[in-house]
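Below is upload.txt, holding compact mmCIF, N, CA and C atoms.
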```
# COMPACT_ATOMS: atom_id res chain seq x y z
N MET A 37 -56.65 46.92 -38.44
CA MET A 37 -56.82 45.57 -37.92
C MET A 37 -56.41 45.57 -36.44
N THR A 38 -57.20 44.97 -35.60
CA THR A 38 -56.90 44.85 -34.18
C THR A 38 -56.96 43.39 -33.79
N VAL A 39 -55.93 42.93 -33.09
CA VAL A 39 -55.87 41.55 -32.62
C VAL A 39 -55.50 41.59 -31.14
N THR A 40 -56.17 40.78 -30.33
CA THR A 40 -55.85 40.68 -28.91
C THR A 40 -55.06 39.40 -28.70
N LYS A 41 -53.90 39.52 -28.06
CA LYS A 41 -52.99 38.38 -27.89
C LYS A 41 -52.50 38.31 -26.45
N LYS A 42 -52.04 37.13 -26.05
CA LYS A 42 -51.35 36.93 -24.78
C LYS A 42 -49.90 36.58 -25.11
N LEU A 43 -49.01 36.92 -24.20
CA LEU A 43 -47.61 36.54 -24.37
C LEU A 43 -47.46 35.06 -24.08
N THR A 44 -46.49 34.41 -24.73
CA THR A 44 -46.19 33.01 -24.56
C THR A 44 -44.85 32.87 -23.86
N LYS A 45 -44.77 32.00 -22.85
CA LYS A 45 -43.51 31.77 -22.14
C LYS A 45 -42.51 31.13 -23.11
N HIS A 46 -41.29 31.67 -23.15
CA HIS A 46 -40.24 31.19 -24.05
C HIS A 46 -38.94 31.20 -23.26
N GLY A 47 -38.61 30.09 -22.59
CA GLY A 47 -37.44 30.05 -21.71
C GLY A 47 -37.69 30.96 -20.52
N ASN A 48 -36.75 31.88 -20.26
CA ASN A 48 -36.91 32.84 -19.18
C ASN A 48 -37.55 34.13 -19.65
N SER A 49 -37.99 34.16 -20.88
CA SER A 49 -38.58 35.36 -21.46
C SER A 49 -40.01 35.08 -21.90
N TYR A 50 -40.61 36.08 -22.51
CA TYR A 50 -41.94 35.93 -23.10
C TYR A 50 -41.88 36.34 -24.55
N ALA A 51 -42.72 35.72 -25.38
CA ALA A 51 -42.73 35.98 -26.81
C ALA A 51 -44.14 36.35 -27.26
N LEU A 52 -44.20 37.17 -28.28
CA LEU A 52 -45.47 37.51 -28.91
C LEU A 52 -45.49 36.81 -30.26
N VAL A 53 -46.40 35.87 -30.42
CA VAL A 53 -46.50 35.12 -31.67
C VAL A 53 -47.40 35.88 -32.63
N ILE A 54 -46.88 36.12 -33.84
CA ILE A 54 -47.63 36.84 -34.87
C ILE A 54 -47.97 35.84 -35.97
N GLU A 55 -49.26 35.69 -36.25
CA GLU A 55 -49.71 34.71 -37.23
C GLU A 55 -49.28 35.08 -38.65
N ARG A 56 -49.14 34.06 -39.47
CA ARG A 56 -48.66 34.21 -40.84
C ARG A 56 -49.46 35.23 -41.67
N PRO A 57 -50.81 35.26 -41.61
CA PRO A 57 -51.53 36.24 -42.42
C PRO A 57 -51.13 37.70 -42.12
N ILE A 58 -50.86 37.98 -40.85
CA ILE A 58 -50.44 39.34 -40.49
C ILE A 58 -49.03 39.60 -41.01
N LEU A 59 -48.14 38.61 -40.87
CA LEU A 59 -46.78 38.76 -41.38
C LEU A 59 -46.79 38.99 -42.89
N GLU A 60 -47.61 38.23 -43.60
CA GLU A 60 -47.70 38.38 -45.06
C GLU A 60 -48.28 39.73 -45.44
N LEU A 61 -49.27 40.20 -44.69
CA LEU A 61 -49.86 41.51 -44.95
C LEU A 61 -48.82 42.61 -44.85
N LEU A 62 -47.91 42.49 -43.88
CA LEU A 62 -46.90 43.51 -43.64
C LEU A 62 -45.60 43.26 -44.40
N GLY A 63 -45.50 42.13 -45.08
CA GLY A 63 -44.28 41.81 -45.81
C GLY A 63 -43.11 41.49 -44.90
N ILE A 64 -43.41 40.83 -43.78
CA ILE A 64 -42.39 40.48 -42.79
C ILE A 64 -42.09 38.99 -42.88
N ASP A 65 -40.79 38.64 -42.81
CA ASP A 65 -40.40 37.24 -42.71
C ASP A 65 -39.35 37.11 -41.61
N SER A 66 -38.75 35.94 -41.48
CA SER A 66 -37.81 35.71 -40.38
C SER A 66 -36.54 36.53 -40.48
N ASP A 67 -36.26 37.08 -41.67
CA ASP A 67 -35.06 37.90 -41.86
C ASP A 67 -35.31 39.39 -41.67
N THR A 68 -36.57 39.79 -41.52
CA THR A 68 -36.92 41.21 -41.40
C THR A 68 -36.56 41.72 -40.01
N LEU A 69 -35.80 42.81 -39.98
CA LEU A 69 -35.52 43.47 -38.71
C LEU A 69 -36.76 44.21 -38.26
N LEU A 70 -37.03 44.18 -36.96
CA LEU A 70 -38.18 44.88 -36.42
C LEU A 70 -37.70 45.94 -35.43
N GLN A 71 -38.21 47.13 -35.58
CA GLN A 71 -37.91 48.22 -34.65
C GLN A 71 -39.03 48.28 -33.63
N ILE A 72 -38.68 48.25 -32.34
CA ILE A 72 -39.67 48.28 -31.27
C ILE A 72 -39.51 49.59 -30.51
N THR A 73 -40.59 50.35 -30.43
CA THR A 73 -40.56 51.63 -29.73
C THR A 73 -41.71 51.70 -28.74
N THR A 74 -41.54 52.54 -27.73
CA THR A 74 -42.60 52.81 -26.75
C THR A 74 -42.77 54.33 -26.71
N PRO A 75 -43.53 54.87 -27.66
CA PRO A 75 -43.61 56.32 -27.82
C PRO A 75 -44.16 57.07 -26.61
N ASP A 76 -45.08 56.46 -25.87
CA ASP A 76 -45.68 57.17 -24.74
C ASP A 76 -45.49 56.44 -23.42
N GLY A 77 -44.72 55.36 -23.44
CA GLY A 77 -44.48 54.61 -22.22
C GLY A 77 -45.60 53.68 -21.81
N THR A 78 -46.69 53.65 -22.57
CA THR A 78 -47.81 52.78 -22.24
C THR A 78 -48.20 51.85 -23.39
N SER A 79 -47.53 52.00 -24.53
CA SER A 79 -47.85 51.16 -25.68
C SER A 79 -46.56 50.74 -26.38
N ILE A 80 -46.67 49.68 -27.17
CA ILE A 80 -45.54 49.17 -27.94
C ILE A 80 -45.89 49.31 -29.42
N VAL A 81 -44.96 49.83 -30.20
CA VAL A 81 -45.13 49.93 -31.65
C VAL A 81 -44.01 49.11 -32.29
N ILE A 82 -44.39 48.13 -33.10
CA ILE A 82 -43.43 47.27 -33.79
C ILE A 82 -43.51 47.58 -35.28
N THR A 83 -42.37 48.00 -35.85
CA THR A 83 -42.34 48.43 -37.24
C THR A 83 -41.24 47.68 -37.99
N PRO A 84 -41.55 47.11 -39.17
CA PRO A 84 -40.49 46.48 -39.95
C PRO A 84 -39.51 47.53 -40.46
N VAL A 85 -38.22 47.20 -40.40
CA VAL A 85 -37.18 48.11 -40.87
C VAL A 85 -36.99 47.86 -42.36
N LYS A 86 -37.22 48.88 -43.14
CA LYS A 86 -37.10 48.75 -44.59
C LYS A 86 -35.84 49.44 -45.13
N ASP A 87 -35.13 50.14 -44.25
CA ASP A 87 -33.93 50.89 -44.63
C ASP A 87 -32.75 49.93 -44.77
N LYS A 88 -32.25 49.74 -45.98
CA LYS A 88 -31.16 48.81 -46.25
C LYS A 88 -29.88 49.21 -45.52
N ALA A 89 -29.60 50.51 -45.41
CA ALA A 89 -28.39 50.96 -44.71
C ALA A 89 -28.46 50.58 -43.24
N GLN A 90 -29.63 50.73 -42.63
CA GLN A 90 -29.79 50.37 -41.23
C GLN A 90 -29.64 48.87 -41.04
N GLN A 91 -30.16 48.10 -41.99
CA GLN A 91 -30.03 46.65 -41.92
C GLN A 91 -28.56 46.24 -42.00
N LYS A 92 -27.78 46.91 -42.86
CA LYS A 92 -26.36 46.61 -42.99
C LYS A 92 -25.62 46.93 -41.70
N ARG A 93 -25.92 48.07 -41.09
CA ARG A 93 -25.27 48.44 -39.84
C ARG A 93 -25.61 47.44 -38.74
N PHE A 94 -26.86 47.02 -38.69
CA PHE A 94 -27.27 46.04 -37.69
C PHE A 94 -26.54 44.73 -37.90
N SER A 95 -26.48 44.26 -39.13
CA SER A 95 -25.80 43.00 -39.43
C SER A 95 -24.32 43.07 -39.08
N ALA A 96 -23.69 44.19 -39.39
CA ALA A 96 -22.27 44.37 -39.07
C ALA A 96 -22.06 44.36 -37.55
N SER A 97 -22.94 45.02 -36.82
CA SER A 97 -22.84 45.04 -35.36
C SER A 97 -23.05 43.65 -34.78
N LEU A 98 -24.02 42.93 -35.32
CA LEU A 98 -24.30 41.58 -34.84
C LEU A 98 -23.10 40.66 -35.07
N LYS A 99 -22.47 40.75 -36.24
CA LYS A 99 -21.28 39.93 -36.52
C LYS A 99 -20.15 40.26 -35.55
N LYS A 100 -19.97 41.54 -35.28
CA LYS A 100 -18.91 41.97 -34.37
C LYS A 100 -19.16 41.42 -32.95
N ILE A 101 -20.39 41.52 -32.50
CA ILE A 101 -20.74 41.01 -31.16
C ILE A 101 -20.58 39.50 -31.10
N ASN A 102 -21.05 38.80 -32.14
CA ASN A 102 -20.92 37.34 -32.16
C ASN A 102 -19.46 36.91 -32.16
N LYS A 103 -18.61 37.63 -32.89
CA LYS A 103 -17.19 37.29 -32.94
C LYS A 103 -16.55 37.50 -31.56
N LYS A 104 -16.86 38.62 -30.93
CA LYS A 104 -16.25 38.98 -29.66
C LYS A 104 -16.76 38.11 -28.50
N TYR A 105 -18.05 37.80 -28.50
CA TYR A 105 -18.66 37.13 -27.35
C TYR A 105 -19.21 35.74 -27.68
N SER A 106 -18.77 35.11 -28.76
CA SER A 106 -19.35 33.83 -29.17
C SER A 106 -19.22 32.76 -28.08
N GLY A 107 -18.07 32.71 -27.40
CA GLY A 107 -17.89 31.71 -26.35
C GLY A 107 -18.87 31.91 -25.21
N ALA A 108 -19.01 33.14 -24.75
CA ALA A 108 -19.93 33.43 -23.65
C ALA A 108 -21.37 33.17 -24.07
N LEU A 109 -21.73 33.54 -25.29
CA LEU A 109 -23.10 33.31 -25.76
C LEU A 109 -23.42 31.82 -25.85
N LYS A 110 -22.44 31.03 -26.29
CA LYS A 110 -22.65 29.58 -26.38
C LYS A 110 -22.85 28.97 -24.99
N ARG A 111 -22.03 29.45 -24.01
CA ARG A 111 -22.18 28.93 -22.65
C ARG A 111 -23.53 29.33 -22.06
N LEU A 112 -23.99 30.53 -22.35
CA LEU A 112 -25.29 30.98 -21.86
C LEU A 112 -26.44 30.16 -22.45
N ALA A 113 -26.26 29.72 -23.70
CA ALA A 113 -27.31 28.98 -24.38
C ALA A 113 -27.44 27.54 -23.86
N GLU A 114 -26.40 27.05 -23.18
CA GLU A 114 -26.42 25.66 -22.68
C GLU A 114 -27.32 25.50 -21.49
```
As structure tokens, what does this structure read like?
Amino acid sequence: MTVTKKLTKHGNSYALVIERPILELLGIDSDTLLQITTPDGTSIVITPVKDKAQQKRFSASLKKINKKYSGALKRLAE
């Protein structure tokens, strides 16, 4: 399947919106971790992370960062 998309402005960043049929085809939801790689420096490969151990490590790291920097992150979000 090939889809041509444009990036959407999202604050000071840009976002790639993926339609629901594609998400359902790949079994991706809002809780799915996505691994983003640039294997050749000219393309982007986005892969859902299915490894439970990797998901646990990511969640633990995220909690640690949120605990340590929650004040700064909240101020940045304002």
Notebook entry, point to check: So which residues of segment 47-107 of chain A fall under alpha helix (DSSP H) by DSSP, listed as JSON, numbers by chain?
Noted result: {"A": [56, 57, 58, 59, 60, 61, 62, 88, 89, 90, 91, 92, 93, 94, 95, 96, 97, 98, 99, 100, 101, 102, 103, 104, 105, 106, 107]}
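In this structure, atom CA of Glu60 of chain A sits 23.0 Å away from atom CA of Phe94 of chain A.
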Notebook entry, point to check: Which is closer to Leu52 of chain A than all the others in A:Lys99, A:Asp87, A:Gly77, A:Thr40, using only C-alpha atoms?
Noted result: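 Looking at the shortest contact to Leu52 of chain A, the residue is A:Thr40.
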Margin query: Give me, as a PyMOL selection string, all polymer residues having an atom no more than 10 Å from Thr68 of chain A, counting only C-alpha atoms and skipping those fewer than 6 positions away in the same chain.
Written below: chain A and resi 83-86+91
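With atom C of Ser49 of chain A on one side and atom C of Glu114 of chain A on the other, the separation reads 15.9 Å.
For chain A, the set of residues given strand (DSSP E or B) by DSSP on the backbone reads Thr44, Lys45, His46, Ser49, Tyr50, Ala51, Leu70, Gln71, Ile72, Thr73, Val81, Ile82, Thr83 and Pro84 of chain A.
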Next item on the list: Measure the distance from atom C of Asn48 of chain A to atom C of Gly63 of chain A in Å and round it to one decimal.
Entry: 26.9 Å
Check: From the list A:Ile101, A:Met37, A:Ile80, A:Leu112, which residue is nearest Leu61 of chain A when using only C-alpha atoms?
Finding: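 When distances to Leu61 of chain A are compared using only C-alpha atoms, the smallest one comes from A:Met37.
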For segment 101-112 of chain A, supply all heavy atoms and report the output as a PDB file, in the frame of the given file.
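Written file, result.pdb:
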```pdb
ATOM      1  N   ILE A 101     -20.390  41.520 -32.500  1.00  0.00           N
ATOM      2  CA  ILE A 101     -20.740  41.010 -31.160  1.00  0.00           C
ATOM      3  C   ILE A 101     -20.580  39.500 -31.100  1.00  0.00           C
ATOM      4  O   ILE A 101     -20.034  38.959 -30.137  1.00  0.00           O
ATOM      5  CB  ILE A 101     -22.184  41.428 -30.795  1.00  0.00           C
ATOM      6  CG1 ILE A 101     -22.219  42.934 -30.536  1.00  0.00           C
ATOM      7  CG2 ILE A 101     -22.700  40.648 -29.598  1.00  0.00           C
ATOM      8  CD1 ILE A 101     -23.615  43.510 -30.450  1.00  0.00           C
ATOM      9  N   ASN A 102     -21.050  38.800 -32.140  1.00  0.00           N
ATOM     10  CA  ASN A 102     -20.920  37.340 -32.160  1.00  0.00           C
ATOM     11  C   ASN A 102     -19.460  36.910 -32.160  1.00  0.00           C
ATOM     12  O   ASN A 102     -19.094  35.924 -31.515  1.00  0.00           O
ATOM     13  CB  ASN A 102     -21.654  36.748 -33.360  1.00  0.00           C
ATOM     14  CG  ASN A 102     -23.144  36.685 -33.138  1.00  0.00           C
ATOM     15  OD1 ASN A 102     -23.618  36.614 -32.015  1.00  0.00           O
ATOM     16  ND2 ASN A 102     -23.895  36.721 -34.217  1.00  0.00           N
ATOM     17  N   LYS A 103     -18.610  37.630 -32.890  1.00  0.00           N
ATOM     18  CA  LYS A 103     -17.190  37.290 -32.940  1.00  0.00           C
ATOM     19  C   LYS A 103     -16.550  37.500 -31.560  1.00  0.00           C
ATOM     20  O   LYS A 103     -15.805  36.664 -31.076  1.00  0.00           O
ATOM     21  CB  LYS A 103     -16.480  38.147 -33.982  1.00  0.00           C
ATOM     22  CG  LYS A 103     -15.021  37.821 -34.150  1.00  0.00           C
ATOM     23  CD  LYS A 103     -14.381  38.649 -35.240  1.00  0.00           C
ATOM     24  CE  LYS A 103     -12.908  38.312 -35.393  1.00  0.00           C
ATOM     25  NZ  LYS A 103     -12.269  39.132 -36.410  1.00  0.00           N
ATOM     26  N   LYS A 104     -16.860  38.620 -30.930  1.00  0.00           N
ATOM     27  CA  LYS A 104     -16.250  38.980 -29.660  1.00  0.00           C
ATOM     28  C   LYS A 104     -16.760  38.110 -28.500  1.00  0.00           C
ATOM     29  O   LYS A 104     -15.995  37.732 -27.622  1.00  0.00           O
ATOM     30  CB  LYS A 104     -16.506  40.450 -29.351  1.00  0.00           C
ATOM     31  CG  LYS A 104     -15.798  40.948 -28.118  1.00  0.00           C
ATOM     32  CD  LYS A 104     -15.946  42.455 -27.980  1.00  0.00           C
ATOM     33  CE  LYS A 104     -15.186  42.964 -26.758  1.00  0.00           C
ATOM     34  NZ  LYS A 104     -15.257  44.422 -26.643  1.00  0.00           N
ATOM     35  N   TYR A 105     -18.050  37.800 -28.500  1.00  0.00           N
ATOM     36  CA  TYR A 105     -18.660  37.130 -27.350  1.00  0.00           C
ATOM     37  C   TYR A 105     -19.210  35.740 -27.680  1.00  0.00           C
ATOM     38  O   TYR A 105     -20.032  35.218 -26.923  1.00  0.00           O
ATOM     39  CB  TYR A 105     -19.806  37.991 -26.799  1.00  0.00           C
ATOM     40  CG  TYR A 105     -19.336  39.330 -26.286  1.00  0.00           C
ATOM     41  CD1 TYR A 105     -19.616  40.493 -26.998  1.00  0.00           C
ATOM     42  CD2 TYR A 105     -18.612  39.436 -25.102  1.00  0.00           C
ATOM     43  CE1 TYR A 105     -19.181  41.730 -26.532  1.00  0.00           C
ATOM     44  CE2 TYR A 105     -18.179  40.656 -24.631  1.00  0.00           C
ATOM     45  CZ  TYR A 105     -18.462  41.806 -25.347  1.00  0.00           C
ATOM     46  OH  TYR A 105     -18.026  43.015 -24.894  1.00  0.00           O
ATOM     47  N   SER A 106     -18.770  35.110 -28.760  1.00  0.00           N
ATOM     48  CA  SER A 106     -19.350  33.830 -29.170  1.00  0.00           C
ATOM     49  C   SER A 106     -19.220  32.760 -28.080  1.00  0.00           C
ATOM     50  O   SER A 106     -20.156  32.011 -27.828  1.00  0.00           O
ATOM     51  CB  SER A 106     -18.724  33.334 -30.470  1.00  0.00           C
ATOM     52  OG  SER A 106     -17.341  33.073 -30.289  1.00  0.00           O
ATOM     53  N   GLY A 107     -18.070  32.710 -27.400  1.00  0.00           N
ATOM     54  CA  GLY A 107     -17.890  31.710 -26.350  1.00  0.00           C
ATOM     55  C   GLY A 107     -18.870  31.910 -25.210  1.00  0.00           C
ATOM     56  O   GLY A 107     -19.513  30.950 -24.743  1.00  0.00           O
ATOM     57  N   ALA A 108     -19.010  33.140 -24.750  1.00  0.00           N
ATOM     58  CA  ALA A 108     -19.930  33.430 -23.650  1.00  0.00           C
ATOM     59  C   ALA A 108     -21.370  33.170 -24.070  1.00  0.00           C
ATOM     60  O   ALA A 108     -22.160  32.614 -23.285  1.00  0.00           O
ATOM     61  CB  ALA A 108     -19.772  34.890 -23.208  1.00  0.00           C
ATOM     62  N   LEU A 109     -21.730  33.540 -25.290  1.00  0.00           N
ATOM     63  CA  LEU A 109     -23.100  33.310 -25.760  1.00  0.00           C
ATOM     64  C   LEU A 109     -23.420  31.820 -25.850  1.00  0.00           C
ATOM     65  O   LEU A 109     -24.518  31.397 -25.510  1.00  0.00           O
ATOM     66  CB  LEU A 109     -23.309  34.000 -27.116  1.00  0.00           C
ATOM     67  CG  LEU A 109     -23.283  35.530 -27.084  1.00  0.00           C
ATOM     68  CD1 LEU A 109     -23.268  36.100 -28.499  1.00  0.00           C
ATOM     69  CD2 LEU A 109     -24.452  36.073 -26.300  1.00  0.00           C
ATOM     70  N   LYS A 110     -22.440  31.030 -26.290  1.00  0.00           N
ATOM     71  CA  LYS A 110     -22.650  29.580 -26.380  1.00  0.00           C
ATOM     72  C   LYS A 110     -22.850  28.970 -24.990  1.00  0.00           C
ATOM     73  O   LYS A 110     -23.707  28.132 -24.793  1.00  0.00           O
ATOM     74  CB  LYS A 110     -21.476  28.902 -27.085  1.00  0.00           C
ATOM     75  CG  LYS A 110     -21.456  29.131 -28.573  1.00  0.00           C
ATOM     76  CD  LYS A 110     -20.249  28.489 -29.220  1.00  0.00           C
ATOM     77  CE  LYS A 110     -20.197  28.851 -30.701  1.00  0.00           C
ATOM     78  NZ  LYS A 110     -18.976  28.347 -31.342  1.00  0.00           N
ATOM     79  N   ARG A 111     -22.030  29.450 -24.010  1.00  0.00           N
ATOM     80  CA  ARG A 111     -22.180  28.930 -22.650  1.00  0.00           C
ATOM     81  C   ARG A 111     -23.530  29.330 -22.060  1.00  0.00           C
ATOM     82  O   ARG A 111     -24.174  28.556 -21.352  1.00  0.00           O
ATOM     83  CB  ARG A 111     -21.037  29.428 -21.770  1.00  0.00           C
ATOM     84  CG  ARG A 111     -19.703  28.737 -22.088  1.00  0.00           C
ATOM     85  CD  ARG A 111     -18.634  29.046 -21.057  1.00  0.00           C
ATOM     86  NE  ARG A 111     -18.334  30.464 -20.918  1.00  0.00           N
ATOM     87  CZ  ARG A 111     -17.482  31.154 -21.706  1.00  0.00           C
ATOM     88  NH1 ARG A 111     -16.857  30.536 -22.696  1.00  0.00           N
ATOM     89  NH2 ARG A 111     -17.269  32.434 -21.482  1.00  0.00           N
ATOM     90  N   LEU A 112     -23.990  30.530 -22.350  1.00  0.00           N
ATOM     91  CA  LEU A 112     -25.290  30.980 -21.860  1.00  0.00           C
ATOM     92  C   LEU A 112     -26.440  30.160 -22.450  1.00  0.00           C
ATOM     93  O   LEU A 112     -27.454  29.937 -21.818  1.00  0.00           O
ATOM     94  CB  LEU A 112     -25.507  32.453 -22.171  1.00  0.00           C
ATOM     95  CG  LEU A 112     -24.740  33.428 -21.300  1.00  0.00           C
ATOM     96  CD1 LEU A 112     -24.861  34.844 -21.862  1.00  0.00           C
ATOM     97  CD2 LEU A 112     -25.257  33.398 -19.870  1.00  0.00           C
TER      98      LEU A 112
END
```
